[in-house]
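protein07.pdb (PDB, C-alpha atoms)
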ATOM      1  CA  MET A   7      12.552 117.474-111.304
ATOM      2  CA  THR A   8      13.557 115.658-108.152
ATOM      3  CA  LEU A   9      11.255 112.779-109.030
ATOM      4  CA  ALA A  10      13.011 112.197-112.346
ATOM      5  CA  ALA A  11      16.417 112.487-110.696
ATOM      6  CA  THR A  12      15.659 109.966-107.972
ATOM      7  CA  ALA A  13      13.949 107.706-110.470
ATOM      8  CA  ALA A  14      17.013 107.768-112.667
ATOM      9  CA  ALA A  15      19.238 107.043-109.669
ATOM     10  CA  HIS A  16      17.159 104.111-108.463
ATOM     11  CA  GLY A  17      15.765 102.726-111.683
ATOM     12  CA  PHE A  18      12.077 103.359-111.948
ATOM     13  CA  LEU A  19      11.254 100.458-114.221
ATOM     14  CA  SER A  20      14.062  98.062-113.373
ATOM     15  CA  PRO A  21      13.239  96.571-109.983
ATOM     16  CA  THR A  22      15.974  95.109-107.863
ATOM     17  CA  GLY A  23      16.067  91.505-106.737
ATOM     18  CA  VAL A  24      14.739  92.383-103.307
ATOM     19  CA  GLU A  25      11.791  94.165-104.869
ATOM     20  CA  ILE A  26      10.959  91.205-107.084
ATOM     21  CA  ALA A  27      11.137  88.835-104.114
ATOM     22  CA  PHE A  28       8.983  91.209-102.060
ATOM     23  CA  LEU A  29       6.440  91.398-104.864
ATOM     24  CA  LEU A  30       6.203  87.625-105.297
ATOM     25  CA  VAL A  31       5.909  86.917-101.563
ATOM     26  CA  GLY A  32       3.410  89.764-101.311
ATOM     27  CA  ILE A  33       1.207  88.244-104.010
ATOM     28  CA  ALA A  34       1.292  84.884-102.206
ATOM     29  CA  THR A  35       0.489  86.574 -98.884
ATOM     30  CA  LEU A  36      -2.394  88.546-100.344
ATOM     31  CA  GLY A  37      -3.805  85.458-102.054
ATOM     32  CA  ALA A  38      -3.668  83.483 -98.815
ATOM     33  CA  ALA A  39      -5.376  86.365 -96.978
ATOM     34  CA  LEU A  40      -8.112  86.514 -99.616
ATOM     35  CA  ILE A  41      -8.721  82.769 -99.307
ATOM     36  CA  THR A  42      -8.793  83.173 -95.510
ATOM     37  CA  VAL A  43     -11.648  85.651 -95.638
ATOM     38  CA  THR A  44     -13.611  83.937 -98.428
ATOM     39  CA  THR A  45     -13.338  80.182 -97.897
ATOM     40  CA  ARG A  46     -16.362  78.337 -96.600
ATOM     41  CA  GLN A  47     -14.371  75.708 -94.731
ATOM     42  CA  LEU A  48     -13.633  77.128 -91.295
ATOM     43  CA  VAL A  49     -10.563  75.040 -90.490
ATOM     44  CA  HIS A  50      -9.066  75.790 -93.908
ATOM     45  CA  ALA A  51      -9.423  79.502 -93.117
ATOM     46  CA  ALA A  52      -7.188  79.053 -90.068
ATOM     47  CA  LEU A  53      -4.643  77.078 -92.099
ATOM     48  CA  TRP A  54      -4.548  79.697 -94.883
ATOM     49  CA  LEU A  55      -4.046  82.293 -92.157
ATOM     50  CA  VAL A  56      -0.802  80.452 -91.327
ATOM     51  CA  VAL A  57       0.360  80.992 -94.926
ATOM     52  CA  ALA A  58      -0.548  84.684 -94.821
ATOM     53  CA  LEU A  59       1.202  85.297 -91.488
ATOM     54  CA  GLY A  60       4.257  83.341 -92.602
ATOM     55  CA  GLY A  61       4.400  85.429 -95.763
ATOM     56  CA  ILE A  62       4.359  88.582 -93.672
ATOM     57  CA  ALA A  63       7.264  87.152 -91.640
ATOM     58  CA  VAL A  64       9.220  86.692 -94.899
ATOM     59  CA  GLU A  65       8.425  90.309 -95.800
ATOM     60  CA  TYR A  66       9.892  91.395 -92.468
ATOM     61  CA  LEU A  67      13.028  89.438 -93.309
ATOM     62  CA  LEU A  68      13.240  91.186 -96.688
ATOM     63  CA  LEU A  69      12.933  94.523 -94.861
ATOM     64  CA  THR A  70      15.914  93.446 -92.678
ATOM     65  CA  ALA A  71      13.789  93.292 -89.535
ATOM     66  CA  GLU A  72      14.856  89.797 -88.589
ATOM     67  CA  PHE A  73      13.940  89.854 -84.901
ATOM     68  CA  ILE A  74      10.385  90.942 -85.691
ATOM     69  CA  ALA A  75      10.185  88.160 -88.276
ATOM     70  CA  TRP A  76      11.037  85.451 -85.779
ATOM     71  CA  VAL A  77       8.740  86.940 -83.147
ATOM     72  CA  GLN A  78       5.999  86.866 -85.790
ATOM     73  CA  VAL A  79       6.673  83.192 -86.503
ATOM     74  CA  LEU A  80       6.783  82.318 -82.807
ATOM     75  CA  ILE A  81       3.722  84.212 -81.614
ATOM     76  CA  TYR A  82       1.374  84.364 -84.588
ATOM     77  CA  VAL A  83       2.078  81.133 -86.432
ATOM     78  CA  GLY A  84       2.994  79.282 -83.268
ATOM     79  CA  SER A  85       0.394  80.306 -80.745
ATOM     80  CA  VAL A  86      -2.325  82.554 -82.123
ATOM     81  CA  VAL A  87      -3.306  80.182 -84.934
ATOM     82  CA  VAL A  88      -3.232  77.239 -82.525
ATOM     83  CA  LEU A  89      -5.525  79.212 -80.188
ATOM     84  CA  LEU A  90      -7.863  79.929 -83.106
ATOM     85  CA  LEU A  91      -7.923  76.243 -84.052
ATOM     86  CA  PHE A  92      -8.719  75.353 -80.436
ATOM     87  CA  GLY A  93     -11.527  77.908 -80.507
ATOM     88  CA  LEU A  94     -12.914  76.427 -83.713
ATOM     89  CA  MET A  95     -12.878  72.953 -82.213
ATOM     90  CA  LEU A  96     -14.390  74.004 -78.882
ATOM     91  CA  THR A  97     -17.273  75.798 -80.581
ATOM     92  CA  LYS A  98     -17.932  72.646 -82.631
ATOM     93  CA  ALA A  99     -17.260  74.290 -85.967
ATOM     94  CA  PRO A 100     -18.506  72.105 -88.814
ATOM     95  CA  ILE A 101     -15.886  70.115 -90.705
ATOM     96  CA  GLY A 102     -16.338  70.626 -94.417
ATOM     97  CA  ARG A 103     -18.209  73.327 -96.238
ATOM     98  CA  SER A 104     -20.600  75.408 -94.168
ATOM     99  CA  PRO A 105     -22.969  77.370 -96.397
ATOM    100  CA  ASP A 106     -23.648  80.105 -93.824
ATOM    101  CA  ALA A 107     -20.063  81.196 -93.219
ATOM    102  CA  ASP A 108     -20.803  84.618 -94.736
ATOM    103  CA  SER A 109     -23.539  86.844 -93.429
ATOM    104  CA  GLY A 110     -26.115  88.594 -95.553
ATOM    105  CA  ASN A 111     -24.236  91.857 -95.872
ATOM    106  CA  ARG A 112     -21.254  90.514 -97.807
ATOM    107  CA  TRP A 113     -21.974  92.667-100.865
ATOM    108  CA  ALA A 114     -22.032  95.811 -98.743
ATOM    109  CA  ALA A 115     -18.803  94.599 -97.131
ATOM    110  CA  LEU A 116     -17.262  94.048-100.569
ATOM    111  CA  VAL A 117     -18.211  97.556-101.660
ATOM    112  CA  VAL A 118     -16.771  99.093 -98.491
ATOM    113  CA  ALA A 119     -13.551  97.083 -98.772
ATOM    114  CA  LEU A 120     -13.035  97.894-102.460
ATOM    115  CA  ALA A 121     -13.760 101.579-101.935
ATOM    116  CA  SER A 122     -11.343 101.864 -99.021
ATOM    117  CA  ALA A 123      -8.711  99.837-100.909
ATOM    118  CA  GLY A 124      -8.984 102.107-103.927
ATOM    119  CA  THR A 125      -8.802 105.272-101.865
ATOM    120  CA  LEU A 126      -5.914 104.126 -99.710
ATOM    121  CA  VAL A 127      -3.864 102.728-102.613
ATOM    122  CA  TRP A 128      -4.295 105.988-104.494
ATOM    123  CA  VAL A 129      -3.270 108.065-101.479
ATOM    124  CA  VAL A 130      -0.290 105.885-100.603
ATOM    125  CA  VAL A 131       1.051 105.643-104.147
ATOM    126  CA  ASP A 132       0.604 109.359-104.647
ATOM    127  CA  ALA A 133       2.369 110.154-101.379
ATOM    128  CA  PHE A 134       5.342 107.781-101.636
ATOM    129  CA  ARG A 135       5.932 107.809-105.387
ATOM    130  CA  ALA A 136       9.470 109.108-105.036
ATOM    131  CA  THR A 137      10.537 107.419-101.797
ATOM    132  CA  TRP A 138      13.032 104.612-101.581
ATOM    133  CA  ILE A 139      14.068 102.530 -98.608
ATOM    134  CA  ASP A 140      17.822 102.235 -98.291
ATOM    135  CA  LEU A 141      18.367  98.599 -97.406
ATOM    136  CA  ASP A 142      22.161  98.715 -97.691
ATOM    137  CA  GLY A 143      24.414  99.253 -94.729
ATOM    138  CA  ALA A 144      23.863  98.006 -91.193
ATOM    139  CA  VAL A 145      20.936  95.701 -90.516
ATOM    140  CA  GLN A 146      18.104  97.717 -89.018
ATOM    141  CA  GLY A 147      16.350  95.136 -86.910
ATOM    142  CA  SER A 148      18.929  92.676 -85.654
ATOM    143  CA  THR A 149      18.372  91.162 -82.244
ATOM    144  CA  ALA A 150      21.278  93.090 -80.715
ATOM    145  CA  THR A 151      20.065  96.464 -81.994
ATOM    146  CA  LEU A 152      16.473  95.921 -81.079
ATOM    147  CA  GLY A 153      17.268  94.484 -77.656
ATOM    148  CA  ARG A 154      19.469  97.445 -76.856
ATOM    149  CA  THR A 155      16.862 100.016 -77.863
ATOM    150  CA  LEU A 156      14.045  98.058 -76.223
ATOM    151  CA  PHE A 157      15.779  97.942 -72.855
ATOM    152  CA  GLN A 158      17.260 101.432 -73.050
ATOM    153  CA  TYR A 159      14.393 103.564 -74.290
ATOM    154  CA  TRP A 160      11.298 101.368 -74.080
ATOM    155  CA  VAL A 161      11.661  99.734 -70.661
ATOM    156  CA  LEU A 162       8.608 101.337 -69.076
ATOM    157  CA  PRO A 163       6.133 100.375 -71.861
ATOM    158  CA  PHE A 164       7.713  96.907 -71.870
ATOM    159  CA  GLU A 165       7.011  96.444 -68.148
ATOM    160  CA  ALA A 166       3.502  97.873 -68.498
ATOM    161  CA  LEU A 167       2.930  95.372 -71.285
ATOM    162  CA  SER A 168       3.900  92.499 -69.012
ATOM    163  CA  VAL A 169       1.298  93.684 -66.503
ATOM    164  CA  LEU A 170      -1.248  93.829 -69.329
ATOM    165  CA  LEU A 171      -0.412  90.264 -70.360
ATOM    166  CA  LEU A 172      -0.864  89.121 -66.759
ATOM    167  CA  ALA A 173      -4.232  90.896 -66.575
ATOM    168  CA  ALA A 174      -5.307  89.293 -69.856
ATOM    169  CA  LEU A 175      -4.256  85.871 -68.588
ATOM    170  CA  VAL A 176      -6.212  86.264 -65.341
ATOM    171  CA  GLY A 177      -9.192  87.616 -67.276
ATOM    172  CA  ALA A 178      -9.206  84.720 -69.703
ATOM    173  CA  ILE A 179      -9.028  82.219 -66.834
ATOM    174  CA  VAL A 180     -11.892  83.929 -64.983
ATOM    175  CA  LEU A 181     -14.015  84.110 -68.138
ATOM    176  CA  SER A 182     -13.525  80.511 -69.182
ATOM    177  CA  ARG A 183     -13.923  78.925 -65.752
ATOM    178  CA  LYS A 184     -16.997  76.772 -65.539
ATOM    179  CA  GLY A 185     -19.755  78.183 -63.249
ATOM    180  CA  GLY A 186     -19.805  77.189 -59.580
ATOM    181  CA  GLU A 187     -17.541  79.454 -57.545
ATOM    182  CA  GLY A 188     -17.389  81.974 -60.328
ATOM    183  CA  LYS A 189     -20.948  83.061 -59.625
ATOM    184  CA  ALA A 190     -20.599  83.637 -55.897
ATOM    185  CA  PRO A 191     -18.230  86.636 -55.939
ATOM    186  CA  ALA A 192     -20.281  88.353 -58.631
ATOM    187  CA  ALA A 193     -23.491  87.958 -56.638
ATOM    188  CA  ASP A 194     -21.652  89.108 -53.542
ATOM    189  CA  LEU A 195     -20.429  92.183 -55.353
ATOM    190  CA  ARG A 196     -23.885  92.999 -56.648
ATOM    191  CA  SER A 197     -25.552  92.714 -53.238
ATOM    192  CA  GLY A 198     -22.783  94.784 -51.711
ATOM    193  CA  ALA A 199     -23.203  97.449 -54.386
ATOM    194  CA  ALA A 200     -26.982  97.415 -53.929
ATOM    195  CA  ARG A 201     -26.554  97.886 -50.190
ATOM    196  CA  THR A 202     -24.500 101.016 -50.670
ATOM    197  CA  GLY A 203     -26.800 102.145 -53.425
ATOM    198  CA  THR A 204     -24.176 102.642 -56.124
ATOM    199  CA  ALA A 205     -25.319  99.986 -58.577
ATOM    200  CA  PRO A 206     -25.941 101.447 -62.030
ATOM    201  CA  ARG A 207     -29.056  99.324 -62.315
ATOM    202  CA  GLU A 208     -30.488 101.036 -59.240
ATOM    203  CA  GLU A 209     -29.801 104.469 -60.626
ATOM    204  CA  GLN A 210     -31.843 103.785 -63.718
ATOM    205  CA  HIS A 211     -35.113 103.404 -61.862
TER     206      HIS A 211
ATOM    207  CA  MET B  16      13.382  99.160-102.259
ATOM    208  CA  HIS B  17      10.541 101.404-103.302
ATOM    209  CA  LEU B  18       8.469 102.358-100.251
ATOM    210  CA  ALA B  19       5.259 101.889-102.214
ATOM    211  CA  TYR B  20       5.650  98.084-102.236
ATOM    212  CA  PRO B  21       5.213  97.485 -98.476
ATOM    213  CA  ALA B  22       2.732 100.366 -98.165
ATOM    214  CA  VAL B  23       0.458  99.051-100.913
ATOM    215  CA  LEU B  24       0.707  95.494 -99.607
ATOM    216  CA  ALA B  25      -0.263  96.722 -96.131
ATOM    217  CA  VAL B  26      -3.239  98.631 -97.558
ATOM    218  CA  LEU B  27      -4.485  95.597 -99.476
ATOM    219  CA  LEU B  28      -4.084  93.298 -96.465
ATOM    220  CA  PHE B  29      -5.935  95.794 -94.291
ATOM    221  CA  CYS B  30      -8.846  95.976 -96.720
ATOM    222  CA  THR B  31      -8.941  92.177 -96.942
ATOM    223  CA  GLY B  32      -9.262  92.069 -93.178
ATOM    224  CA  LEU B  33     -11.920  94.787 -93.323
ATOM    225  CA  TYR B  34     -13.960  92.705 -95.743
ATOM    226  CA  GLY B  35     -13.605  89.683 -93.469
ATOM    227  CA  VAL B  36     -14.734  91.599 -90.379
ATOM    228  CA  LEU B  37     -17.798  92.941 -92.169
ATOM    229  CA  ALA B  38     -18.781  89.836 -94.127
ATOM    230  CA  ARG B  39     -18.087  86.892 -91.835
ATOM    231  CA  ARG B  40     -20.705  85.397 -89.570
ATOM    232  CA  ASN B  41     -18.691  83.150 -87.268
ATOM    233  CA  ALA B  42     -17.082  85.108 -84.426
ATOM    234  CA  ILE B  43     -13.779  83.219 -84.695
ATOM    235  CA  LEU B  44     -13.491  84.058 -88.397
ATOM    236  CA  VAL B  45     -14.041  87.700 -87.462
ATOM    237  CA  LEU B  46     -11.144  87.405 -85.008
ATOM    238  CA  MET B  47      -8.952  85.987 -87.804
ATOM    239  CA  SER B  48      -9.783  88.997 -89.971
ATOM    240  CA  VAL B  49      -8.867  91.313 -87.098
ATOM    241  CA  GLU B  50      -5.494  89.557 -86.962
ATOM    242  CA  LEU B  51      -5.003  90.288 -90.668
ATOM    243  CA  MET B  52      -5.710  93.992 -90.089
ATOM    244  CA  LEU B  53      -3.276  94.122 -87.167
ATOM    245  CA  ASN B  54      -0.598  92.480 -89.315
ATOM    246  CA  ALA B  55      -1.092  95.051 -92.037
ATOM    247  CA  VAL B  56      -0.452  97.807 -89.501
ATOM    248  CA  ASN B  57       2.639  95.963 -88.244
ATOM    249  CA  LEU B  58       4.015  95.757 -91.783
ATOM    250  CA  ASN B  59       3.547  99.511 -92.152
ATOM    251  CA  LEU B  60       5.300 100.171 -88.849
ATOM    252  CA  VAL B  61       8.319  98.045 -89.782
ATOM    253  CA  ALA B  62       8.583  99.496 -93.294
ATOM    254  CA  PHE B  63       8.494 103.084 -92.081
ATOM    255  CA  ASP B  64      10.936 102.340 -89.275
ATOM    256  CA  VAL B  65      13.421 100.906 -91.776
ATOM    257  CA  TRP B  66      12.830 103.835 -94.123
ATOM    258  CA  LEU B  67      13.365 106.530 -91.471
ATOM    259  CA  ARG B  68      16.377 104.758 -89.856
ATOM    260  CA  ASP B  69      15.040 105.770 -86.473
ATOM    261  CA  THR B  70      17.661 105.666 -83.742
ATOM    262  CA  LEU B  71      15.011 104.803 -81.136
ATOM    263  CA  HIS B  72      13.577 102.094 -83.424
ATOM    264  CA  ALA B  73      10.132 103.262 -82.412
ATOM    265  CA  GLY B  74       8.411 101.392 -85.239
ATOM    266  CA  GLN B  75       9.905  98.013 -84.438
ATOM    267  CA  ALA B  76       9.402  98.432 -80.690
ATOM    268  CA  LEU B  77       5.758  99.364 -81.333
ATOM    269  CA  THR B  78       5.446  96.329 -83.590
ATOM    270  CA  LEU B  79       6.566  94.101 -80.740
ATOM    271  CA  PHE B  80       4.059  95.791 -78.430
ATOM    272  CA  THR B  81       1.292  95.378 -81.003
ATOM    273  CA  ILE B  82       2.083  91.680 -81.372
ATOM    274  CA  ALA B  83       1.921  91.193 -77.593
ATOM    275  CA  ILE B  84      -1.344  93.137 -77.327
ATOM    276  CA  ALA B  85      -2.774  91.111 -80.209
ATOM    277  CA  ALA B  86      -1.895  87.916 -78.355
ATOM    278  CA  ALA B  87      -3.693  89.209 -75.247
ATOM    279  CA  GLU B  88      -6.649  90.293 -77.386
ATOM    280  CA  ILE B  89      -6.989  86.916 -79.051
ATOM    281  CA  GLY B  90      -6.890  85.162 -75.670
ATOM    282  CA  ILE B  91      -9.606  87.340 -74.148
ATOM    283  CA  GLY B  92     -11.637  87.313 -77.368
ATOM    284  CA  LEU B  93     -11.630  83.547 -77.621
ATOM    285  CA  ALA B  94     -12.592  83.251 -73.939
ATOM    286  CA  ILE B  95     -15.560  85.548 -74.575
ATOM    287  CA  VAL B  96     -16.551  83.618 -77.721
ATOM    288  CA  LEU B  97     -16.402  80.332 -75.810
ATOM    289  CA  LEU B  98     -18.517  81.809 -73.007
ATOM    290  CA  VAL B  99     -21.102  83.021 -75.516
ATOM    291  CA  TYR B 100     -21.100  79.621 -77.209
ATOM    292  CA  ARG B 101     -21.597  77.863 -73.877
ATOM    293  CA  ASN B 102     -24.511  80.112 -72.949
ATOM    294  CA  ARG B 103     -26.244  80.448 -76.306
ATOM    295  CA  GLY B 104     -25.184  77.320 -78.207
ATOM    296  CA  SER B 105     -23.955  79.339 -81.183
ATOM    297  CA  SER B 106     -21.118  81.701 -82.018
ATOM    298  CA  ASP B 107     -22.820  83.392 -84.968
ATOM    299  CA  ILE B 108     -22.642  87.112 -84.391
ATOM    300  CA  ASP B 109     -25.812  87.622 -86.433
ATOM    301  CA  ARG B 110     -27.883  85.910 -83.780
ATOM    302  CA  LEU B 111     -26.567  87.768 -80.760
ATOM    303  CA  ARG B 112     -29.257  90.423 -80.786
ATOM    304  CA  ASP B 113     -30.056  90.925 -77.120
ATOM    305  CA  LEU B 114     -28.741  94.480 -77.173
ATOM    306  CA  ALA B 115     -30.272  95.363 -80.541
ATOM    307  CA  GLU B 116     -32.865  98.121 -80.815
ATOM    308  CA  ARG B 117     -36.071  96.537 -81.935
ATOM    309  CA  PRO B 118     -38.408  98.630 -84.056
ATOM    310  CA  ASP B 119     -41.579  97.257 -82.425
ATOM    311  CA  GLY B 120     -40.554  97.592 -78.783
ATOM    312  CA  GLY B 121     -40.866 101.047 -77.277
ATOM    313  CA  ASP B 122     -38.179 102.861 -75.374
ATOM    314  CA  ALA B 123     -39.734 102.204 -71.964
ATOM    315  CA  THR B 124     -40.051  98.452 -72.473
ATOM    316  CA  GLY B 125     -36.533  98.349 -73.849
ATOM    317  CA  HIS B 126     -35.150  99.747 -70.611
ATOM    318  CA  GLY B 127     -37.385  97.563 -68.488
ATOM    319  CA  ALA B 128     -36.528  94.366 -70.332
ATOM    320  CA  GLN B 129     -32.805  95.019 -70.385
ATOM    321  CA  PRO B 130     -31.785  93.306 -67.114
ATOM    322  CA  GLN B 131     -33.779  90.194 -67.984
ATOM    323  CA  PRO B 132     -31.447  88.395 -70.432
ATOM    324  CA  ASP B 133     -28.438  89.407 -68.389
ATOM    325  CA  THR B 134     -29.600  87.561 -65.294
ATOM    326  CA  GLU B 135     -30.720  84.654 -67.442
ATOM    327  CA  ALA B 136     -27.291  84.333 -68.977
ATOM    328  CA  GLU B 137     -25.612  84.402 -65.595
ATOM    329  CA  ALA B 138     -27.993  81.799 -64.233
ATOM    330  CA  ALA B 139     -27.151  79.554 -67.163
ATOM    331  CA  ALA B 140     -23.414  79.965 -66.682
TER     332      ALA B 140
END
Using structure tokens, write down the structure from this file.
Amino acid sequence: MTLAATAAAHGFLSPTGVEIAFLLVGIATLGAALITVTTRQLVHAALWLVVALGGIAVEYLLLTAEFIAWVQVLIYVGSVVVLLLFGLMLTKAPIGRSPDADSGNRWAALVVALASAGTLVWVVVDAFRATWIDLDGAVQGSTATLGRTLFQYWVLPFEALSVLLLAALVGAIVLSRKGGEGKAPAADLRSGAARTGTAPREEQH
Amino acid sequence: MHLAYPAVLAVLLFCTGLYGVLARRNAILVLMSVELMLNAVNLNLVAFDVWLRDTLHAGQALTLFTIAIAAAEIGIGLAIVLLVYRNRGSSDIDRLRDLAERPDGGDATGHGAQPQPDTEAEAAA
């Protein structure tokens, strides 16, 4: 049996130090994620999200993907969570426990989540029972390696992504600008479209 | 390292995010759960890239792209949530039912009444 051979070579029941560290950090990450989706205090949810995302960054480090780990810390922990906290404050989220943080369909959501978790864990464990990651040798995700591949093979998606970020920036500015001039171009566009008769609202009638 | 460790962790994180998306009421909490799901996918991409020892490093490059797209998504999403909050005074996704199909209203009135809240919202903006 190949499974028995590989298991004997790798030690099926004697995990290595990296595996134990991965398991412990994974439990902490999963616990923080569970608190994020179940807590009734909205600001605490954002702060537990920091713990979960930081735990995932540590998992990247354990998988020798160090550049991804620092990008994760910079972008997710540094900016996305701050944006979410700003959003919570700007929508006047209640400080303290809010009893209506969960909607009425949380039991259906729990059933769906547990069913998909069971199915996916079974499939994944069954598929990768005899697969080991070889973490020895050269580091897979150092900044030099990743920078070289990114700018040799992935230049075109990289540039397209910068255009997408610019479009998202302009879109966010347009969306969050307060009234006034923002209305005039839209009305102009609608009257222009109605004049040429291509407005979708005109086609309905 | 056994490949099942990162794969199972990614599955459990994804299902946690799935529960959050389905069960939460506040739109910003839903966005947080979407971030959890995206991070689960990123963990899978990195683990499989390290496992396959890809010379192109497709998994890690895609992870970087996913992180950038997630940043753009959270910016646009929060702008939309703030706009909805400014117009409606609430960011609870349960109450945003202008596009819902109502059992009492007929099909004809549904089509006729559709432009009404749209123009109202723009007038309020």
Take the PyMOL selection byres ((chain A and resi 62) around 10), run it mentally on this structure, and tell me the resulting residues as JSON, numbers by chain. {"A": [28, 31, 32, 34, 35, 36, 56, 57, 58, 59, 60, 61, 63, 64, 65, 66, 67, 68, 75, 78, 79], "B": [24, 25, 51, 54, 55, 57, 58]}
What is the atom CA of B:Gly74-atom CA of A:Thr70 distance in Å, reported with one decimal? 13.2 Å
Using all atoms listed in the file, which of the listed residues (A:Ser104, A:Ser182, A:Ser168, A:Thr45) sits closest to chain B? A:Ser182
Tell me which of B:Leu27, B:Leu33, B:Ala22, B:Ile43 sits closest to A:Ala51, counting all atoms listed in the file.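 Going through B:Leu27, B:Leu33, B:Ala22, B:Ile43 one by one, the smallest distance to A:Ala51 is for B:Ile43.
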Output check: residues returned by the PyMOL selection byres ((chain B and resi 50) around 12), as a PyMOL selection string: (chain A and resi 39+42-43+52+55-56+58-59+62+78+81-83+86-87+90) or (chain B and resi 28-29+31-33+35-36+43-49+51-57+81-82+84-89+92)
Between A:Glu72, A:Glu165, A:Glu25, A:Asp108, which is the closest to B:Leu37 once you count all atoms listed in the file?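 When distances to B:Leu37 are compared using all atoms listed in the file, the smallest one comes from A:Asp108.
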Skip B:Phe63 itself and residues of its chain fewer than 3 positions away, then list as number ranges by chain all residues within 12 Å of it, counting all atoms listed in the file. A: 66, 69, 71, 134, 137-140, 146; B: 16-22, 25, 56-60, 66-69, 72-75, 77-78
Between atom CA of B:Val23 and atom CA of B:Val61, what is the distance in Å, rounded to a tenth? 13.7 Å
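Atom CA of B:Gly104 is found 26.2 Å from atom CA of B:Asp119.
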Of the candidates B:Val26, B:Val99, B:Leu71, B:Leu93, which one gets nearest to A:Val88 if we count all atoms listed in the file?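 Closest candidate: B:Leu93.
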To verify the selection step, state as a list in words which residues the PyMOL selection byres ((chain A and resi 97) around 9) yields on this input. Phe92, Gly93, Leu94, Met95, Leu96, Lys98 and Ala99 of chain A; Val96, Leu97, Tyr100, Arg101, Gly104, Ser105 and Ser106 of chain B
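Among A:Ala38, A:Leu172, A:Ala166, A:Val127, the residue with the shortest atom-to-atom distance to chain B, counting only C-alpha atoms, is A:Val127.
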Between A:Pro100, A:Gly143, A:Gly110, A:Pro105, which has the minimum distance to chain B (counting only C-alpha atoms)?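 Comparing A:Pro100, A:Gly143, A:Gly110, A:Pro105 against chain B, the winner is A:Gly110.
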Close residues, A:Gln47 itself excluded, 6 Å, only C-alpha atoms, min 3 positions apart in chain, as a list in words: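 So, after excluding close chain neighbours, the residues are His50, Gly102 and Arg103 of chain A.
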Listed atoms of stretch 145-153 of chain A boxed along x, y and z, 3 Å each side, centre and edge lengths in Å, one decimal, as JSON:
{"center_x": 18.8, "center_y": 94.4, "center_z": -84.1, "size_x": 10.9, "size_y": 12.6, "size_z": 18.9}
Please rebuild stretch 99-103 of chain A with all heavy atoms and give the result as an mmCIF file, in the frame of the given file.
data_model
loop_
_atom_site.group_PDB
_atom_site.id
_atom_site.type_symbol
_atom_site.label_atom_id
_atom_site.label_comp_id
_atom_site.auth_asym_id
_atom_site.auth_seq_id
_atom_site.Cartn_x
_atom_site.Cartn_y
_atom_site.Cartn_z
ATOM 1 N N ALA A 99 -17.142 73.793 -84.598
ATOM 2 C CA ALA A 99 -17.260 74.290 -85.967
ATOM 3 C C ALA A 99 -17.409 73.118 -86.923
ATOM 4 O O ALA A 99 -16.767 72.085 -86.742
ATOM 5 C CB ALA A 99 -16.007 75.095 -86.336
ATOM 6 N N PRO A 100 -18.269 73.225 -87.915
ATOM 7 C CA PRO A 100 -18.506 72.105 -88.814
ATOM 8 C C PRO A 100 -17.282 71.810 -89.668
ATOM 9 O O PRO A 100 -16.653 72.720 -90.210
ATOM 10 C CB PRO A 100 -19.689 72.574 -89.662
ATOM 11 C CG PRO A 100 -19.636 74.053 -89.587
ATOM 12 C CD PRO A 100 -19.115 74.383 -88.238
ATOM 13 N N ILE A 101 -16.937 70.535 -89.788
ATOM 14 C CA ILE A 101 -15.886 70.115 -90.705
ATOM 15 C C ILE A 101 -16.506 70.074 -92.097
ATOM 16 O O ILE A 101 -17.616 69.585 -92.277
ATOM 17 C CB ILE A 101 -15.352 68.724 -90.320
ATOM 18 C CG1 ILE A 101 -14.938 68.714 -88.862
ATOM 19 C CG2 ILE A 101 -14.190 68.338 -91.206
ATOM 20 C CD1 ILE A 101 -13.706 69.492 -88.555
ATOM 21 N N GLY A 102 -15.788 70.591 -93.064
ATOM 22 C CA GLY A 102 -16.338 70.626 -94.417
ATOM 23 C C GLY A 102 -16.978 71.965 -94.699
ATOM 24 O O GLY A 102 -16.833 72.914 -93.934
ATOM 25 N N ARG A 103 -17.668 72.042 -95.814
ATOM 26 C CA ARG A 103 -18.209 73.327 -96.238
ATOM 27 C C ARG A 103 -19.415 73.690 -95.401
ATOM 28 O O ARG A 103 -20.314 72.889 -95.204
ATOM 29 C CB ARG A 103 -18.626 73.252 -97.702
ATOM 30 C CG ARG A 103 -17.499 72.870 -98.615
ATOM 31 C CD ARG A 103 -18.025 72.607 -99.996
ATOM 32 N NE ARG A 103 -18.518 73.832 -100.600
ATOM 33 C CZ ARG A 103 -17.736 74.678 -101.251
ATOM 34 N NH1 ARG A 103 -16.464 74.440 -101.355
ATOM 35 N NH2 ARG A 103 -18.232 75.751 -101.798
#
